[in-house]
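**Q** Next comes the structure file input_29.cif, holding mmCIF, C-alpha atoms and all ligand atoms.
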data_protein
#
loop_
_atom_site.label_atom_id
_atom_site.label_comp_id
_atom_site.auth_asym_id
_atom_site.auth_seq_id
_atom_site.Cartn_x
_atom_site.Cartn_y
_atom_site.Cartn_z
CA MET A 1 -176.94 -15.63 45.99
CA ARG A 2 -179.73 -13.66 47.59
CA LYS A 3 -183.11 -15.06 48.48
CA PRO A 4 -185.96 -13.40 46.52
CA ALA A 5 -187.59 -10.48 48.33
CA LYS A 6 -191.22 -10.94 49.43
CA ASN A 7 -192.12 -8.08 47.06
CA PHE A 8 -190.11 -9.65 44.24
CA GLN A 9 -193.10 -9.28 41.93
CA LYS A 10 -192.85 -5.46 42.28
CA GLY A 11 -189.52 -5.46 40.45
CA ILE A 12 -188.92 -4.24 36.92
CA THR A 13 -190.13 -6.32 34.03
CA SER A 14 -190.87 -5.99 30.36
CA SER A 15 -192.12 -9.54 29.94
CA ASN A 16 -195.80 -10.24 29.53
CA LEU A 17 -195.71 -13.53 31.35
CA GLY A 18 -197.81 -12.60 34.37
CA LYS A 19 -196.94 -12.17 38.03
CA PRO A 20 -194.41 -14.53 39.56
CA ASP A 21 -195.51 -16.84 42.35
CA TYR A 22 -193.36 -16.12 45.40
CA ASP A 23 -193.42 -19.61 46.91
CA LYS A 24 -192.59 -21.17 43.59
CA ALA A 25 -189.76 -18.66 43.12
CA VAL A 26 -188.32 -19.60 46.52
CA PHE A 27 -188.47 -23.27 45.58
CA GLN A 28 -186.82 -22.63 42.21
CA HIS A 29 -184.16 -20.53 43.89
CA LEU A 30 -183.40 -23.46 46.17
CA SER A 31 -183.17 -25.83 43.19
CA TYR A 32 -180.73 -23.42 41.56
CA MET A 33 -178.64 -23.43 44.72
CA ILE A 34 -178.59 -27.22 44.77
CA ALA A 35 -177.44 -27.21 41.14
CA LEU A 36 -174.56 -24.84 41.95
CA LYS A 37 -173.55 -27.14 44.80
CA LYS A 38 -173.61 -30.09 42.42
CA CYS A 39 -171.18 -28.14 40.23
CA GLY A 40 -168.83 -27.98 43.21
CA LEU A 41 -169.49 -24.44 44.46
CA LYS A 42 -169.87 -23.32 48.05
CA ILE A 43 -172.81 -20.99 48.56
CA ILE A 44 -173.14 -17.73 50.41
CA GLN A 45 -176.84 -16.96 50.62
CA LEU A 46 -177.80 -13.45 51.71
CA ASP A 47 -181.08 -12.70 53.42
CA ALA A 48 -183.92 -11.34 51.35
CA ASN A 49 -183.98 -7.55 51.17
CA ASP A 50 -187.45 -6.14 50.67
CA SER A 51 -186.08 -2.64 50.10
CA TYR A 52 -185.02 -3.87 46.68
CA PRO A 53 -187.55 -6.05 44.82
CA ASP A 54 -184.94 -6.96 42.18
CA SER A 55 -182.17 -7.76 44.66
CA THR A 56 -182.24 -11.50 44.00
CA PHE A 57 -180.55 -10.69 40.67
CA VAL A 58 -177.19 -10.27 42.37
CA GLU A 59 -175.12 -10.70 39.24
CA ASP A 60 -175.82 -7.10 38.30
CA THR A 61 -174.11 -5.73 41.39
CA ALA A 62 -170.52 -6.79 40.72
CA VAL A 63 -167.98 -8.07 38.22
CA VAL A 64 -165.48 -10.49 39.71
CA ASN A 65 -162.41 -12.34 38.55
CA GLU A 66 -159.33 -13.86 40.16
CA GLU A 67 -157.72 -10.48 40.86
CA VAL A 68 -160.38 -7.91 41.63
CA ALA A 69 -164.02 -7.40 42.58
CA ILE A 70 -165.52 -4.44 40.76
CA ILE A 71 -168.63 -3.07 42.40
CA ALA A 72 -171.25 -1.94 39.90
CA ASN A 73 -173.28 1.26 39.91
CA LEU A 74 -176.69 0.09 38.81
CA GLY A 75 -178.37 1.90 35.98
CA VAL A 76 -181.90 2.22 37.32
CA ILE A 77 -183.01 4.15 40.38
CA SER A 78 -184.97 1.37 42.09
CA ARG A 79 -181.85 -0.81 42.20
CA LYS A 80 -179.32 1.78 43.33
CA GLY A 81 -177.89 0.68 46.68
CA GLU A 82 -178.18 -3.07 46.11
CA GLU A 83 -174.45 -3.12 45.64
CA ILE A 84 -173.61 -1.80 49.13
CA GLU A 85 -174.09 -5.07 51.01
CA ILE A 86 -172.47 -7.03 48.18
CA LYS A 87 -169.38 -4.85 48.49
CA GLY A 88 -169.12 -5.78 52.17
CA VAL A 89 -169.43 -9.50 51.41
CA LEU A 90 -166.93 -9.49 48.55
CA GLY A 91 -164.55 -7.47 50.72
CA ARG A 92 -164.16 -10.59 52.88
CA PHE A 93 -162.67 -12.43 49.92
CA TYR A 94 -160.86 -9.76 47.89
CA ASP A 95 -157.90 -7.52 48.67
CA ASN A 96 -158.63 -5.54 45.54
CA ILE A 97 -162.00 -3.85 45.32
CA ALA A 98 -162.79 -1.21 42.72
CA CYS A 99 -166.03 0.71 42.20
CA ILE A 100 -167.83 2.15 39.22
CA THR A 101 -168.92 5.65 40.20
CA ASN A 102 -171.27 8.39 38.93
CA PRO A 103 -171.82 9.47 36.25
CA GLY A 104 -170.83 5.98 35.16
CA THR A 105 -173.43 3.25 35.41
CA LEU A 106 -172.83 -0.43 34.91
CA GLU A 107 -174.64 -3.71 35.57
CA GLY A 108 -172.96 -7.10 35.75
CA GLY A 109 -175.41 -8.61 33.28
CA ASP A 110 -173.68 -6.57 30.58
CA ILE A 111 -170.30 -8.10 31.22
CA LEU A 112 -169.29 -11.32 29.52
CA ARG A 113 -165.92 -12.86 30.19
CA VAL A 114 -164.28 -15.12 27.63
CA ASP A 115 -160.98 -16.30 29.11
CA ASN A 116 -158.81 -13.15 29.33
CA LYS A 117 -161.11 -10.98 27.29
CA TYR A 118 -164.19 -9.07 28.39
CA TYR A 119 -167.11 -8.13 26.19
CA ILE A 120 -168.97 -5.17 27.64
CA GLY A 121 -172.49 -4.31 26.55
CA VAL A 122 -173.43 -0.67 26.20
CA SER A 123 -177.08 -0.77 27.19
CA LYS A 124 -179.82 1.27 28.83
CA ARG A 125 -178.23 0.22 32.16
CA THR A 126 -174.52 0.41 31.34
CA ASN A 127 -173.44 3.75 29.93
CA LYS A 128 -170.29 4.78 28.09
CA GLU A 129 -168.70 6.29 31.19
CA GLY A 130 -169.35 3.10 33.15
CA VAL A 131 -167.73 1.15 30.33
CA ARG A 132 -164.75 3.52 30.30
CA GLN A 133 -164.18 3.06 34.02
CA LEU A 134 -164.51 -0.71 33.79
CA ILE A 135 -162.03 -0.91 30.92
CA GLU A 136 -159.52 1.15 32.86
CA ILE A 137 -159.76 -1.25 35.80
CA LEU A 138 -159.68 -4.44 33.73
CA GLU A 139 -156.75 -3.28 31.57
CA HIS A 140 -154.81 -2.59 34.73
CA TYR A 141 -155.12 -6.32 35.42
CA SER A 142 -154.10 -7.17 31.81
CA TYR A 143 -157.51 -8.15 30.48
CA SER A 144 -158.50 -7.01 27.02
CA CYS A 145 -161.88 -5.41 26.48
CA VAL A 146 -164.32 -5.10 23.59
CA THR A 147 -167.48 -3.00 23.73
CA VAL A 148 -170.72 -4.30 22.26
CA PRO A 149 -173.56 -1.87 21.56
CA LEU A 150 -176.95 -3.46 22.29
CA SER A 151 -180.16 -2.75 20.46
CA ASN A 152 -183.06 -4.85 21.65
CA ILE A 153 -182.15 -6.64 24.82
CA LEU A 154 -181.82 -5.78 28.50
CA HIS A 155 -178.27 -6.98 29.09
CA LEU A 156 -175.49 -8.39 26.92
CA LYS A 157 -175.74 -11.78 28.62
CA THR A 158 -179.47 -11.92 27.94
CA GLY A 159 -178.40 -12.84 24.43
CA VAL A 160 -174.93 -14.39 24.57
CA SER A 161 -173.09 -16.82 26.85
CA TYR A 162 -169.66 -18.42 26.76
CA ILE A 163 -169.52 -22.08 27.75
CA GLY A 164 -165.80 -22.67 27.23
CA ASP A 165 -163.85 -24.44 24.48
CA ASN A 166 -164.41 -21.51 22.09
CA ASN A 167 -168.18 -22.17 22.14
CA LEU A 168 -170.45 -19.18 22.33
CA ILE A 169 -174.23 -19.47 22.63
CA VAL A 170 -175.79 -16.63 20.66
CA SER A 171 -179.27 -15.40 19.90
CA GLY A 172 -181.02 -12.59 18.05
CA GLU A 173 -178.89 -9.55 17.32
CA PHE A 174 -175.65 -11.43 18.05
CA ILE A 175 -176.00 -14.23 15.52
CA ASN A 176 -174.54 -12.18 12.68
CA ASN A 177 -172.47 -9.79 14.75
CA PRO A 178 -168.87 -9.79 13.39
CA ILE A 179 -167.59 -9.04 16.90
CA PHE A 180 -168.08 -12.72 17.73
CA LYS A 181 -166.85 -14.26 14.50
CA GLU A 182 -163.78 -15.85 16.09
CA TYR A 183 -165.97 -18.27 18.08
CA ASN A 184 -167.86 -21.40 17.27
CA LEU A 185 -171.41 -20.10 17.46
CA ILE A 186 -174.21 -22.21 18.90
CA GLU A 187 -177.26 -20.42 17.58
CA VAL A 188 -180.45 -20.20 19.57
CA THR A 189 -183.70 -19.95 17.62
CA LYS A 190 -186.04 -17.04 18.30
CA ASP A 191 -188.57 -19.19 20.17
CA GLU A 192 -185.82 -20.34 22.55
CA SER A 193 -183.98 -17.03 22.89
CA TYR A 194 -184.46 -16.98 26.67
CA ALA A 195 -182.08 -19.95 26.91
CA ALA A 196 -179.20 -17.94 25.42
CA ASN A 197 -178.48 -17.01 29.02
CA SER A 198 -176.88 -20.24 30.13
CA ILE A 199 -173.79 -20.81 32.27
CA ARG A 200 -170.81 -23.11 32.34
CA ILE A 201 -169.69 -24.07 35.83
CA ASN A 202 -166.85 -26.55 36.15
CA ASN A 203 -168.02 -29.74 34.39
CA TYR A 204 -171.59 -28.67 33.74
CA VAL A 205 -173.54 -26.36 31.49
CA LEU A 206 -176.61 -25.04 33.27
CA ILE A 207 -179.54 -24.18 31.04
CA PRO A 208 -183.07 -23.10 31.81
CA LYS A 209 -185.60 -25.91 31.67
CA GLY A 210 -187.78 -26.43 28.63
CA PHE A 211 -185.61 -25.49 25.66
CA LYS A 212 -185.23 -28.72 23.75
CA LYS A 213 -183.37 -27.53 20.67
CA LEU A 214 -180.63 -25.76 22.58
CA LYS A 215 -180.35 -28.69 24.98
CA LYS A 216 -179.82 -31.05 22.05
CA SER A 217 -177.17 -28.80 20.47
CA ILE A 218 -175.23 -28.53 23.72
CA LEU A 219 -175.44 -32.27 24.33
CA ASN A 220 -173.99 -32.78 20.84
CA TYR A 221 -170.86 -30.97 21.99
CA GLY A 222 -170.45 -33.52 24.75
CA TYR A 223 -171.27 -31.32 27.74
CA ASP A 224 -173.09 -32.54 30.82
CA ILE A 225 -176.20 -30.46 31.34
CA LEU A 226 -178.18 -29.40 34.37
CA GLU A 227 -181.62 -28.08 33.48
CA ILE A 228 -183.14 -25.69 35.98
CA ASP A 229 -186.68 -24.39 36.08
CA ILE A 230 -186.57 -20.64 36.68
CA SER A 231 -189.91 -19.70 35.13
CA GLU A 232 -190.76 -17.28 37.97
CA PHE A 233 -187.53 -15.33 37.49
CA ARG A 234 -188.11 -15.17 33.75
CA LYS A 235 -191.35 -13.31 34.50
CA MET A 236 -189.16 -10.59 36.01
CA ASP A 237 -186.68 -10.53 33.09
CA GLY A 238 -184.10 -12.53 34.99
CA GLY A 239 -182.04 -15.34 33.52
CA LEU A 240 -179.88 -18.08 34.97
CA SER A 241 -176.69 -16.08 35.29
CA CYS A 242 -178.40 -13.20 37.12
CA LEU A 243 -179.11 -15.24 40.22
CA SER A 244 -175.53 -15.59 41.41
CA ILE A 245 -172.10 -14.02 41.44
CA ARG A 246 -169.67 -16.87 40.83
CA PHE A 247 -166.06 -16.61 41.99
C1 LIG A 301 -184.11 -5.76 36.20
O1 LIG A 301 -184.80 -5.30 35.29
O2 LIG A 301 -183.13 -5.17 36.63
C2 LIG A 301 -184.49 -7.10 36.80
N1 LIG A 301 -185.89 -7.23 36.83
C3 LIG A 301 -183.87 -8.23 36.01
C4 LIG A 301 -182.39 -8.23 36.04
C5 LIG A 301 -181.81 -9.34 35.26
N2 LIG A 301 -180.41 -9.37 35.37
C6 LIG A 301 -179.58 -9.78 34.42
O3 LIG A 301 -180.01 -10.04 33.29
N3 LIG A 301 -178.28 -9.83 34.70
#
Please express the file's structure as structure tokens.

**A**
Amino acid sequence: MRKPAKNFQKGITSSNLGKPDYDKAVFQHLSYMIALKKCGLKIIQLDANDSYPDSTFVEDTAVVNEEVAIIANLGVISRKGEEIEIKGVLGRFYDNIACITNPGTLEGGDILRVDNKYYIGVSKRTNKEGVRQLIEILEHYSYSCVTVPLSNILHLKTGVSYIGDNNLIVSGEFINNPIFKEYNLIEVTKDESYAANSIRINNYVLIPKGFKKLKKSILNYGYDILEIDISEFRKMDGGLSCLSIRF
């Protein structure tokens, strides 16, 4: 994780939810960290980096699995370079490090893992060359890959999450997408679409706070839920998964 930068509110956003409150964001970030600990994770918290207002959204800087850490090449100028420090940190844990390089761009938010398969969003941030490079790396480690063109959302995982047991949470453009027809789909209504970015960690499903219908559906499947208030990150287009790289 990385603590929000003081100038966090100068990051990129398309939401019309107003400016985030820095102190509240710091508090929510801490609550998120406590939730990850409750799920059994150890935390590495990097210092805030004011050179990059969006740097708290660390997920976009790398794709990790049991075999390899793949360092992203972010698709927007103001975020280019965020990945450098992350590469150094992941290098302490991984023997295998690969990098997406120009002209390829790729952001971790576009990469969804479902067991041994990866779905890769082709978005405004992740281009076809970035996807090509990622597939080459992942296939080397015997993962299969499927590309998913995006129309209306920032990242693939803004609209779809895998919570295990063949259950996929889907919203908007993914509800009727035949690419995902092999899964049991938990549909998110339009008014709750923000909650489509949820995460399964060990025994828990983490969901953003305040989305009653999705919460009820997930409870019906028998999962234990942790609800986390990340309203200030939502104002900057960030979801739950974006705030950590989990490995
Ligand atoms: C950005 O536009 O890059 C940030 N404001 C939000 C990034 C959110 N990351 C994600 O969905 N994985």

**Q** May I have the residues within 6 Å of ligand LIG 301 (chain A), computed using all atoms listed in the file, as a PyMOL selection string?

**A** chain A and resi 11-13+54+57+59-60+109+155+158+236-239+242

**Q** Give me, as number ranges by chain, all polymer residues having an atom no more than 10 Å from Gly108 (chain A), counting all atoms listed in the file and skipping those fewer than 6 positions away in the same chain.

**A** A: 57-64, 70-74, 120-121, 125-126, 155-157, 241-242, 245

**Q** One number please: CA of Pro149 (chain A) to CA of Leu168 (chain A), in Å, one decimal.

**A**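 Separation of CA of Pro149 (chain A) and CA of Leu168 (chain A): 17.6 Å.
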
**Q** What is the CA of Ser78 (chain A) to CA of Thr147 (chain A) distance in Å?

**A**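 Value for the CA of Ser78 (chain A)-CA of Thr147 (chain A) distance: 25.7 Å.
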
**Q** Given the choices A:Glu129, A:Asp191, A:Glu232, A:Asp95, which gets closest to Gln9 (chain A) if the distance is worked out from only C-alpha atoms?

**A**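 When distances to Gln9 (chain A) are compared using only C-alpha atoms, the smallest one comes from A:Glu232.
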
**Q** Using Å and a single decimal, report how far CA of Lys117 (chain A) sits from CA of Ser144 (chain A).

**A**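 Those two atoms sit 4.8 Å apart.
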
**Q** Counting all atoms listed in the file, what is within 7 Å of region 40-53 of chain A, bar same-chain residues fewer than 3 positions away, as a count of residues only?

**A** 15

**Q** Counting only C-alpha atoms, which residue out of A:Leu240, A:Ile186, A:Ile84, A:Leu17 sits closest to Leu219 (chain A)?

**A** A:Ile186
